[in-house]
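Structure file upload-v6.tsv (TSV, C-alpha atoms) is printed below.
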```tsv
chain	number	residue	atom	x	y	z
A	1	MET	CA	-9.76	-33.28	13.76
A	2	SER	CA	-13.02	-31.37	13.66
A	3	PHE	CA	-13.86	-27.81	14.68
A	4	SER	CA	-17.05	-25.95	15.46
A	5	PHE	CA	-17.64	-22.84	13.38
A	6	ALA	CA	-20.15	-21.28	15.79
A	7	SER	CA	-19.98	-17.52	15.64
A	8	SER	CA	-18.62	-16.71	19.09
A	9	GLU	CA	-15.68	-14.68	20.24
A	10	ALA	CA	-14.47	-17.42	22.57
A	11	CYS	CA	-14.52	-19.96	19.75
A	12	SER	CA	-12.56	-17.78	17.34
A	13	ALA	CA	-10.01	-16.77	19.98
A	14	SER	CA	-9.26	-20.40	20.80
A	15	HIS	CA	-9.09	-21.50	17.17
A	16	PRO	CA	-5.66	-22.79	16.10
A	17	LEU	CA	-5.59	-20.12	13.38
A	18	ALA	CA	-6.24	-17.23	15.80
A	19	PRO	CA	-2.51	-16.27	15.85
A	20	TYR	CA	-2.78	-15.76	12.07
A	21	GLY	CA	-5.79	-13.43	12.28
A	22	TRP	CA	-8.76	-15.81	12.38
A	23	ASP	CA	-11.80	-14.12	13.92
A	24	GLU	CA	-15.60	-14.21	14.05
A	25	GLY	CA	-15.88	-12.54	10.65
A	26	TRP	CA	-13.80	-15.20	8.92
A	27	GLU	CA	-15.75	-17.92	10.75
A	28	ALA	CA	-18.99	-16.55	9.37
A	29	GLU	CA	-17.56	-16.33	5.84
A	30	PHE	CA	-16.34	-19.92	6.01
A	31	VAL	CA	-19.55	-21.62	7.17
A	32	PRO	CA	-20.68	-22.78	3.67
A	33	TYR	CA	-17.21	-24.18	2.91
A	34	ALA	CA	-17.03	-26.00	6.24
A	35	ARG	CA	-20.24	-27.81	5.27
A	36	GLN	CA	-18.44	-29.05	2.15
A	37	GLY	CA	-15.68	-30.59	4.27
A	38	LEU	CA	-13.10	-27.93	3.30
A	39	LEU	CA	-10.52	-26.54	5.72
A	40	PRO	CA	-9.77	-22.85	6.32
A	41	GLY	CA	-6.23	-21.66	5.87
A	42	ARG	CA	-4.19	-18.52	5.37
A	43	VAL	CA	-1.70	-18.20	2.53
A	44	VAL	CA	1.78	-17.53	3.89
A	45	ARG	CA	3.72	-17.79	0.61
A	46	VAL	CA	3.00	-18.12	-3.11
A	47	ASP	CA	5.29	-19.32	-5.90
A	48	ARG	CA	4.89	-21.00	-9.29
A	49	GLY	CA	1.23	-21.94	-9.10
A	50	GLN	CA	1.49	-23.35	-5.61
A	51	CYS	CA	1.26	-21.86	-2.15
A	52	ASP	CA	2.06	-22.62	1.45
A	53	VAL	CA	-1.08	-22.48	3.56
A	54	VAL	CA	-1.22	-22.59	7.35
A	55	THR	CA	-4.23	-24.63	8.50
A	56	ALA	CA	-5.44	-26.01	11.81
A	57	ASP	CA	-3.49	-29.17	10.96
A	58	GLY	CA	-0.26	-27.27	10.32
A	59	LEU	CA	1.53	-25.96	7.23
A	60	ALA	CA	0.41	-27.50	3.94
A	61	ARG	CA	1.55	-27.19	0.34
A	62	ALA	CA	-1.43	-26.58	-1.92
A	63	ASP	CA	-2.04	-26.29	-5.65
A	64	THR	CA	-3.91	-23.25	-7.00
A	65	GLU	CA	-5.01	-24.69	-10.35
A	66	PHE	CA	-8.68	-24.42	-9.36
A	67	VAL	CA	-8.23	-20.67	-8.80
A	68	VAL	CA	-6.77	-19.46	-12.11
A	69	PRO	CA	-8.64	-16.27	-13.06
A	70	ARG	CA	-7.93	-14.14	-16.10
A	71	ASP	CA	-7.93	-11.05	-13.94
A	72	PRO	CA	-4.50	-10.69	-12.23
A	73	MET	CA	-6.27	-8.95	-9.36
A	74	LYS	CA	-7.93	-12.23	-8.37
A	75	VAL	CA	-4.91	-14.53	-8.16
A	76	VAL	CA	-4.04	-16.18	-4.86
A	77	CYS	CA	-1.83	-13.84	-2.84
A	78	THR	CA	0.04	-13.83	0.46
A	79	GLY	CA	-2.44	-12.87	3.17
A	80	ASP	CA	-5.48	-14.47	1.51
A	81	TRP	CA	-7.84	-16.68	3.48
A	82	VAL	CA	-8.72	-19.75	1.43
A	83	ALA	CA	-10.76	-22.95	1.50
A	84	VAL	CA	-8.48	-25.97	1.12
A	85	ASP	CA	-9.55	-29.43	-0.05
A	86	PRO	CA	-7.82	-31.75	2.46
A	87	SER	CA	-8.38	-34.87	0.38
A	88	GLY	CA	-5.74	-36.14	-2.00
A	89	ASP	CA	-2.09	-35.32	-2.46
A	90	PRO	CA	-1.33	-32.55	-3.24
A	91	ARG	CA	-4.04	-30.51	-1.59
A	92	TYR	CA	-5.94	-27.88	-3.56
A	93	VAL	CA	-7.13	-24.35	-2.90
A	94	ARG	CA	-10.77	-24.42	-3.95
A	95	THR	CA	-11.69	-20.76	-3.46
A	96	LEU	CA	-10.66	-17.44	-1.94
A	97	LEU	CA	-12.65	-15.83	0.84
A	98	PRO	CA	-13.65	-12.22	0.04
A	99	ARG	CA	-10.77	-9.88	0.80
A	100	ARG	CA	-11.21	-7.14	3.35
A	101	THR	CA	-8.34	-5.04	2.02
A	102	ALA	CA	-5.59	-5.35	-0.57
A	103	PHE	CA	-2.44	-3.41	-1.35
A	104	VAL	CA	-2.11	-2.98	-5.12
A	105	ARG	CA	0.39	-1.21	-7.33
A	106	SER	CA	0.45	-0.61	-11.06
A	107	THR	CA	2.61	-3.00	-13.06
A	108	SER	CA	5.27	-1.93	-15.54
A	109	SER	CA	3.12	-3.35	-18.34
A	110	LYS	CA	1.85	-0.98	-21.02
A	111	ARG	CA	-1.58	-2.41	-20.29
A	112	SER	CA	-3.50	-1.09	-17.31
A	113	GLU	CA	-2.88	-3.88	-14.84
A	114	GLY	CA	-2.62	-3.96	-11.09
A	115	GLN	CA	-0.38	-6.23	-9.03
A	116	VAL	CA	-1.70	-7.37	-5.67
A	117	LEU	CA	1.17	-7.32	-3.18
A	118	ALA	CA	-0.64	-8.41	-0.01
A	119	THR	CA	-4.21	-8.84	1.23
A	120	ASN	CA	-6.31	-8.59	4.40
A	121	ILE	CA	-3.99	-6.05	5.99
A	122	ASP	CA	-4.56	-3.82	9.02
A	123	HIS	CA	-1.31	-1.81	8.95
A	124	VAL	CA	0.82	-0.63	6.05
A	125	VAL	CA	4.35	-0.06	7.37
A	126	ILE	CA	6.38	2.14	5.03
A	127	CYS	CA	10.06	1.58	5.79
A	128	VAL	CA	12.42	4.48	5.06
A	129	SER	CA	16.16	4.22	5.68
A	130	LEU	CA	17.96	7.02	7.52
A	131	ALA	CA	21.26	5.80	6.05
A	132	VAL	CA	20.60	7.95	2.98
A	133	GLU	CA	19.03	11.34	2.34
A	134	LEU	CA	15.26	11.38	2.81
A	135	ASP	CA	13.23	11.24	-0.40
A	136	LEU	CA	10.01	12.96	0.66
A	137	GLY	CA	8.46	12.52	-2.78
A	138	ARG	CA	8.85	8.75	-2.54
A	139	ILE	CA	7.26	8.76	0.90
A	140	GLU	CA	4.29	10.68	-0.51
A	141	ARG	CA	4.00	8.13	-3.32
A	142	PHE	CA	3.91	5.17	-0.93
A	143	LEU	CA	1.37	6.97	1.25
A	144	ALA	CA	-0.89	7.74	-1.72
A	145	LEU	CA	-1.11	4.01	-2.42
A	146	ALA	CA	-1.50	3.11	1.22
A	147	MET	CA	-4.40	5.53	1.69
A	148	SER	CA	-6.37	4.74	-1.45
A	149	SER	CA	-9.82	3.22	-1.16
A	150	SER	CA	-10.39	-0.55	-1.29
A	151	SER	CA	-13.33	-2.51	-2.60
A	152	GLY	CA	-12.72	-5.15	0.04
A	153	ASP	CA	-13.98	-7.90	-2.26
A	154	ALA	CA	-11.81	-10.54	-3.91
A	155	LEU	CA	-14.20	-10.77	-6.84
A	156	LEU	CA	-14.01	-7.09	-7.66
A	157	ARG	CA	-11.10	-4.88	-8.62
A	158	THR	CA	-9.38	-4.03	-5.38
A	159	SER	CA	-7.17	-1.05	-4.76
A	160	ALA	CA	-5.00	-0.10	-1.83
A	161	LEU	CA	-5.79	0.55	1.77
A	162	SER	CA	-7.70	3.31	3.46
A	163	TRP	CA	-8.25	4.64	6.95
A	164	GLU	CA	-11.99	4.14	6.39
A	165	SER	CA	-11.43	0.41	5.85
A	166	GLY	CA	-9.54	0.13	9.14
A	167	ALA	CA	-6.06	-0.23	7.62
A	168	LEU	CA	-3.65	2.33	9.05
A	169	PRO	CA	-0.50	3.65	7.37
A	170	LEU	CA	2.61	3.95	9.51
A	171	ILE	CA	6.03	5.33	8.57
A	172	VAL	CA	9.04	3.68	10.19
A	173	LEU	CA	12.41	5.42	9.87
A	174	THR	CA	14.91	2.56	10.07
A	175	LYS	CA	18.62	2.61	10.99
A	176	ALA	CA	18.08	5.46	13.45
A	177	ASP	CA	21.35	4.50	15.14
A	178	LEU	CA	23.23	5.93	12.13
A	179	VAL	CA	22.01	9.42	13.04
A	180	GLY	CA	24.38	10.38	15.82
A	181	ASP	CA	22.75	13.65	16.87
A	182	ALA	CA	19.37	13.37	18.66
A	183	SER	CA	18.35	16.87	17.53
A	184	VAL	CA	19.06	15.97	13.89
A	185	LEU	CA	16.97	12.81	14.29
A	186	GLY	CA	14.16	14.91	15.71
A	187	HIS	CA	14.28	17.27	12.73
A	188	LEU	CA	14.13	14.31	10.32
A	189	VAL	CA	11.09	12.91	12.10
A	190	ASP	CA	9.45	16.36	11.98
A	191	ASP	CA	10.13	16.64	8.23
A	192	VAL	CA	8.41	13.31	7.60
A	193	MET	CA	5.48	14.19	9.87
A	194	THR	CA	4.98	17.40	7.87
A	195	THR	CA	5.01	15.34	4.67
A	196	ALA	CA	2.56	12.81	6.14
A	197	PRO	CA	-0.03	14.77	8.14
A	198	GLY	CA	-1.95	12.59	10.57
A	199	VAL	CA	0.30	9.54	10.06
A	200	GLN	CA	2.29	8.06	12.94
A	201	VAL	CA	6.06	8.26	12.40
A	202	LEU	CA	8.49	6.12	14.42
A	203	ALA	CA	12.29	6.12	14.37
A	204	VAL	CA	13.69	2.65	15.11
A	205	SER	CA	16.97	0.78	15.12
A	206	ALA	CA	17.08	-2.98	14.78
A	207	ALA	CA	20.76	-2.82	15.79
A	208	THR	CA	20.17	-1.18	19.18
A	209	GLY	CA	16.52	-2.12	19.71
A	210	GLU	CA	15.44	1.53	19.83
A	211	GLY	CA	11.70	1.84	19.11
A	212	ILE	CA	11.20	-1.90	18.42
A	213	GLU	CA	9.10	-2.50	21.52
A	214	VAL	CA	6.80	0.42	20.68
A	215	LEU	CA	6.46	-0.74	17.07
A	216	SER	CA	5.68	-4.32	18.19
A	217	ALA	CA	2.91	-3.01	20.42
A	218	VAL	CA	1.40	-0.95	17.58
A	219	LEU	CA	1.41	-3.92	15.20
A	220	SER	CA	0.24	-6.56	17.68
A	221	GLY	CA	-3.43	-6.13	16.86
A	222	GLY	CA	-3.60	-7.33	13.27
A	223	THR	CA	-1.81	-8.06	10.00
A	224	SER	CA	0.96	-5.70	8.87
A	225	VAL	CA	2.85	-5.47	5.60
A	226	LEU	CA	6.36	-4.04	5.35
A	227	LEU	CA	6.94	-1.91	2.24
A	228	GLY	CA	9.95	-0.01	1.00
A	229	VAL	CA	12.77	0.07	-1.51
A	230	SER	CA	15.70	-2.35	-1.42
A	231	GLY	CA	18.07	-1.38	1.36
A	232	ALA	CA	15.35	0.14	3.55
A	233	GLY	CA	16.05	-2.46	6.24
A	234	LYS	CA	12.77	-4.38	6.00
A	235	SER	CA	14.24	-7.84	6.53
A	236	THR	CA	16.38	-6.70	9.46
A	237	LEU	CA	13.33	-5.02	10.96
A	238	ALA	CA	11.27	-8.17	10.40
A	239	ASN	CA	13.85	-10.24	12.26
A	240	ALA	CA	13.76	-7.78	15.18
A	241	LEU	CA	9.96	-7.97	15.35
A	242	LEU	CA	9.94	-11.76	15.04
A	243	GLY	CA	12.67	-12.19	17.62
A	244	ASP	CA	14.66	-14.53	15.38
A	245	GLU	CA	16.87	-14.53	12.28
A	246	VAL	CA	14.03	-15.65	10.04
A	247	MET	CA	14.72	-13.40	7.05
A	248	ASP	CA	18.04	-13.29	5.19
A	249	VAL	CA	19.85	-9.95	5.35
A	250	GLN	CA	22.39	-8.46	2.95
A	251	ALA	CA	24.50	-5.33	3.29
A	252	THR	CA	23.59	-2.19	1.37
A	253	ARG	CA	26.02	-0.28	-0.85
A	254	ASP	CA	27.78	2.51	1.01
A	255	VAL	CA	27.74	4.79	-2.03
A	256	ASP	CA	23.97	5.12	-2.33
A	257	GLY	CA	22.43	3.01	0.40
A	258	LYS	CA	20.78	0.68	-2.12
A	259	GLY	CA	20.45	-3.00	-1.42
A	260	ARG	CA	19.86	-6.19	-3.34
A	261	HIS	CA	16.58	-8.06	-3.16
A	262	THR	CA	17.21	-10.08	-0.01
A	263	THR	CA	13.53	-11.04	0.14
A	264	THR	CA	12.37	-12.48	-3.18
A	265	THR	CA	8.88	-13.61	-2.17
A	266	ARG	CA	6.19	-12.27	0.13
A	267	ASN	CA	6.19	-14.18	3.41
A	268	LEU	CA	3.58	-14.14	6.18
A	269	LEU	CA	4.75	-14.89	9.73
A	270	ALA	CA	3.13	-14.73	13.17
A	271	MET	CA	4.89	-12.44	15.64
A	272	PRO	CA	5.56	-13.75	19.17
A	273	GLY	CA	3.90	-10.73	20.80
A	274	GLY	CA	0.78	-11.04	18.67
A	275	GLY	CA	-0.05	-9.92	15.18
A	276	VAL	CA	1.01	-11.12	11.75
A	277	LEU	CA	3.79	-9.72	9.59
A	278	ILE	CA	4.15	-9.82	5.80
A	279	ASP	CA	7.60	-8.97	4.46
A	280	THR	CA	7.84	-8.01	0.79
A	281	PRO	CA	10.68	-7.72	-1.74
A	282	GLY	CA	12.15	-4.24	-2.17
A	283	LEU	CA	10.16	-2.19	-4.68
A	284	ARG	CA	12.20	-0.46	-7.40
A	285	GLY	CA	9.09	1.13	-8.87
A	286	VAL	CA	5.90	2.11	-7.07
A	287	GLY	CA	3.28	2.78	-9.72
A	288	LEU	CA	0.01	4.29	-8.57
A	289	TRP	CA	-3.17	2.27	-9.01
A	290	ASP	CA	-6.51	4.09	-8.79
A	291	ALA	CA	-5.09	6.26	-6.02
A	292	GLU	CA	-7.00	9.54	-6.38
A	293	THR	CA	-8.45	9.20	-2.88
A	294	GLY	CA	-5.01	8.52	-1.47
A	295	VAL	CA	-3.44	11.51	-3.19
A	296	GLY	CA	-6.18	13.73	-1.76
A	297	GLN	CA	-5.52	12.44	1.76
A	298	VAL	CA	-1.74	12.75	1.54
A	299	PHE	CA	-2.04	16.34	0.33
A	300	SER	CA	-5.05	17.24	2.45
A	301	GLU	CA	-3.83	20.80	3.05
A	302	ILE	CA	-3.72	21.45	-0.71
A	303	GLU	CA	-7.21	19.99	-1.12
A	304	GLU	CA	-8.46	22.32	1.64
A	305	LEU	CA	-6.79	25.33	0.00
A	306	ALA	CA	-8.30	24.36	-3.36
A	307	GLY	CA	-11.74	24.71	-1.80
A	308	GLN	CA	-10.97	28.38	-1.16
A	309	CYS	CA	-10.02	29.20	-4.77
A	310	ARG	CA	-12.16	31.71	-6.66
A	311	PHE	CA	-12.98	29.15	-9.36
A	312	HIS	CA	-14.18	25.66	-8.42
A	313	ASP	CA	-12.24	24.11	-11.31
A	314	CYS	CA	-9.03	26.04	-10.61
A	315	ALA	CA	-5.95	24.27	-11.99
A	316	HIS	CA	-3.63	26.14	-9.59
A	317	LEU	CA	-1.42	27.28	-12.45
A	318	ALA	CA	-1.99	31.01	-13.02
A	319	GLU	CA	-5.67	31.62	-12.26
A	320	PRO	CA	-6.65	34.78	-10.34
A	321	GLY	CA	-7.82	34.19	-6.78
A	322	CYS	CA	-6.01	30.84	-6.48
A	323	ALA	CA	-5.62	30.08	-2.77
A	324	VAL	CA	-3.05	27.37	-3.51
A	325	LEU	CA	-0.71	29.73	-5.38
A	326	GLU	CA	-1.21	32.38	-2.69
A	327	ALA	CA	-0.05	29.82	-0.09
A	328	VAL	CA	3.06	29.16	-2.18
A	329	GLU	CA	3.79	32.88	-2.41
A	330	ASP	CA	3.44	33.49	1.33
A	331	GLY	CA	5.57	30.42	2.14
A	332	SER	CA	2.91	28.36	3.93
A	333	LEU	CA	3.01	25.76	1.13
A	334	SER	CA	6.27	24.57	-0.41
A	335	VAL	CA	6.80	24.48	-4.17
A	336	ARG	CA	8.17	20.94	-3.83
A	337	ARG	CA	4.97	19.70	-2.21
A	338	LEU	CA	2.72	21.32	-4.83
A	339	GLU	CA	4.80	19.85	-7.66
A	340	SER	CA	4.65	16.40	-6.05
A	341	TYR	CA	0.86	16.72	-5.75
A	342	ARG	CA	0.54	17.65	-9.43
A	343	LYS	CA	2.83	14.83	-10.52
A	344	LEU	CA	0.95	12.11	-8.63
A	345	LEU	CA	-2.44	13.37	-9.83
A	346	ARG	CA	-1.27	13.35	-13.47
A	347	GLU	CA	0.18	9.86	-13.11
A	348	ASN	CA	-2.98	8.52	-11.52
A	349	GLN	CA	-5.12	10.03	-14.26
A	350	ARG	CA	-3.00	8.30	-16.91
A	351	ILE	CA	-3.38	4.94	-15.16
A	352	VAL	CA	-7.15	5.25	-14.81
A	353	ALA	CA	-7.55	6.55	-18.37
A	354	LYS	CA	-5.93	3.41	-19.81
A	355	THR	CA	-9.14	1.50	-19.14
A	356	ASP	CA	-11.65	4.32	-19.61
A	357	ALA	CA	-11.93	5.82	-23.10
A	358	ARG	CA	-14.54	8.35	-21.97
A	359	LEU	CA	-12.25	9.54	-19.19
A	360	ARG	CA	-9.35	9.83	-21.66
A	361	GLY	CA	-11.42	12.21	-23.78
A	362	GLU	CA	-12.52	14.23	-20.76
A	363	ILE	CA	-8.96	14.56	-19.48
A	364	ARG	CA	-7.72	15.65	-22.91
A	365	ARG	CA	-10.44	18.30	-23.22
A	366	GLU	CA	-9.87	19.49	-19.65
A	367	TRP	CA	-6.12	19.87	-20.20
A	368	LYS	CA	-6.72	21.89	-23.36
A	369	ARG	CA	-9.28	24.11	-21.65
A	370	LYS	CA	-7.13	24.78	-18.60
A	371	GLY	CA	-4.09	25.36	-20.75
A	372	ALA	CA	-5.97	27.97	-22.78
A	373	GLU	CA	-7.26	29.64	-19.61
A	374	GLY	CA	-3.78	29.69	-18.12
A	375	ARG	CA	-2.30	31.27	-21.24
A	376	ALA	CA	-5.08	33.85	-21.31
A	377	ALA	CA	-4.51	34.71	-17.66
A	378	MET	CA	-0.78	35.15	-18.27
A	379	GLU	CA	-1.44	37.42	-21.27
A	380	ALA	CA	-3.85	39.49	-19.20
A	381	LYS	CA	-1.27	39.77	-16.43
A	382	ARG	CA	1.41	40.90	-18.88
A	383	GLY	CA	-1.04	43.45	-20.29
A	384	ARG	CA	-1.61	44.97	-16.84
A	385	MET	CA	2.13	45.20	-16.23
A	386	ARG	CA	2.82	47.19	-19.43
```
Conversion result in structure tokens:
Amino acid sequence: MSFSFASSEACSASHPLAPYGWDEGWEAEFVPYARQGLLPGRVVRVDRGQCDVVTADGLARADTEFVVPRDPMKVVCTGDWVAVDPSGDPRYVRTLLPRRTAFVRSTSSKRSEGQVLATNIDHVVICVSLAVELDLGRIERFLALAMSSSSGDALLRTSALSWESGALPLIVLTKADLVGDASVLGHLVDDVMTTAPGVQVLAVSAATGEGIEVLSAVLSGGTSVLLGVSGAGKSTLANALLGDEVMDVQATRDVDGKGRHTTTTRNLLAMPGGGVLIDTPGLRGVGLWDAETGVGQVFSEIEELAGQCRFHDCAHLAEPGCAVLEAVEDGSLSVRRLESYRKLLRENQRIVAKTDARLRGEIRREWKRKGAEGRAAMEAKRGRMR
């Protein structure tokens, strides 16, 4: 079977891979590989050096031994578009097409390494269960990753997603049926919206179908990845969006709402109403990875206040004329939110500094300087109070 790779909207829309996100841009990227007799395909699952790739000829099992980089950021990942050698058995992935976006978290390794969770994504769906008390700090952490800038190139170090790149974060409050009072549910949604300014927040229930139709419509225009901790209801939500019991589901513990890892691999599936869905295993730890931009966006009101401080390098600790501390004192900014902002910034600096000796020295000197200034300001304040 042969296909024309002419760059036309009609051609890309009628392509057998269109339901999986194939478009004019991917056609243009694939032209040189088509001339080599290779087939385009999208990776729907990866495990043990092999991957399942959906091609125009159907689902194929392919070996990735020709794509074995030293950099863990360049390994074949669910969501990648690849060039597959159709000759021989098994088939081989010859190369990755440049990634448009990638969602990356820091690994638990002592080395500074990133783990690519999914690629070429248009929506990052952060799933939060309403069966347990809301953890606003965890939501902020997920958002910081989801809003961080991306290189968009498979051959460069990629980070997480950004609004500028076209990938939109979305918070989905699952198990809404467990909140019996509509006014209480409204307050919970408002709390999350305050934590995530500018981000769409939807309350849904896979059990009753509440909000599923709206969510399906939002996600129908691209590739979406479901993220969240174990027990957040990702697999149940995926089944509701796919219209079938595709993903296994296990009950969560009543005592703390935690679940076991029902999903153990990242799976890419086409939704019947349009769009592509990637379900991921529950994340116990969500380490930041080069997420300074994301932190700034999540805490945009603090960044705006910081611009009003008397000193441009204000640490918002005890400096005179600090607009951030003034906002805390008058109640317009919560202490919890400021502490979360500080924590994520410190963590991100540590991650970045692992690979940048110059930055490590600058951070150390800056901490010492600001610490000395803070102590001096406190001494001066005590002196005025005597």
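If all atoms listed in the file are the atoms counted, then among A:Val82, A:Ala315, A:Ala62, A:Leu145 the closest residue to Phe30 (chain A) is A:Val82.
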Exercise for the section: Write out as a ChimeraX atom specification the residues lying within 10 Å of Val179 (chain A), counting all atoms listed in the file and excluding same-chain residues fewer than 6 positions away. Expected result: /A:130-131,185-186,188
Handout entry: Which residue of A:Cys127, A:Arg336, A:Gly209, A:Val67 approaches Ser235 (chain A) most closely, using only C-alpha atoms
Key = A:Cys127
Problem - Pick from A:Ala318, A:Pro16, A:Gln349, A:Ser340 nearest to Ala372 (chain A), counting only C-alpha atoms - result: A:Ala318
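Reported to one decimal place, the separation of CA of Val46 (chain A) from CA of Arg99 (chain A) is 16.5 Å.
For the set A:Leu241, A:Val53, A:Leu333, A:Ala196, the residue with the smallest atom-to-atom gap to Arg141 (chain A) is A:Ala196, counting only C-alpha atoms.
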Problem - Atomic distance CA of Val335 (chain A) - CA of Ser300 (chain A), expressed in Å with one decimal - result: 15.4 Å
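Residue nearest Val298 (chain A) within the list A:Asp85, A:Asp63, A:Glu133, A:Glu140: A:Glu140 [criterion: smallest interatomic distance, all atoms listed in the file].
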Problem - Minimum-distance residue to Val116 (chain A), chosen among A:Val132, A:Arg266, A:Leu143, A:Gly198 (using all atoms listed in the file) - result: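 Under the stated criterion, the closest residue is A:Arg266.
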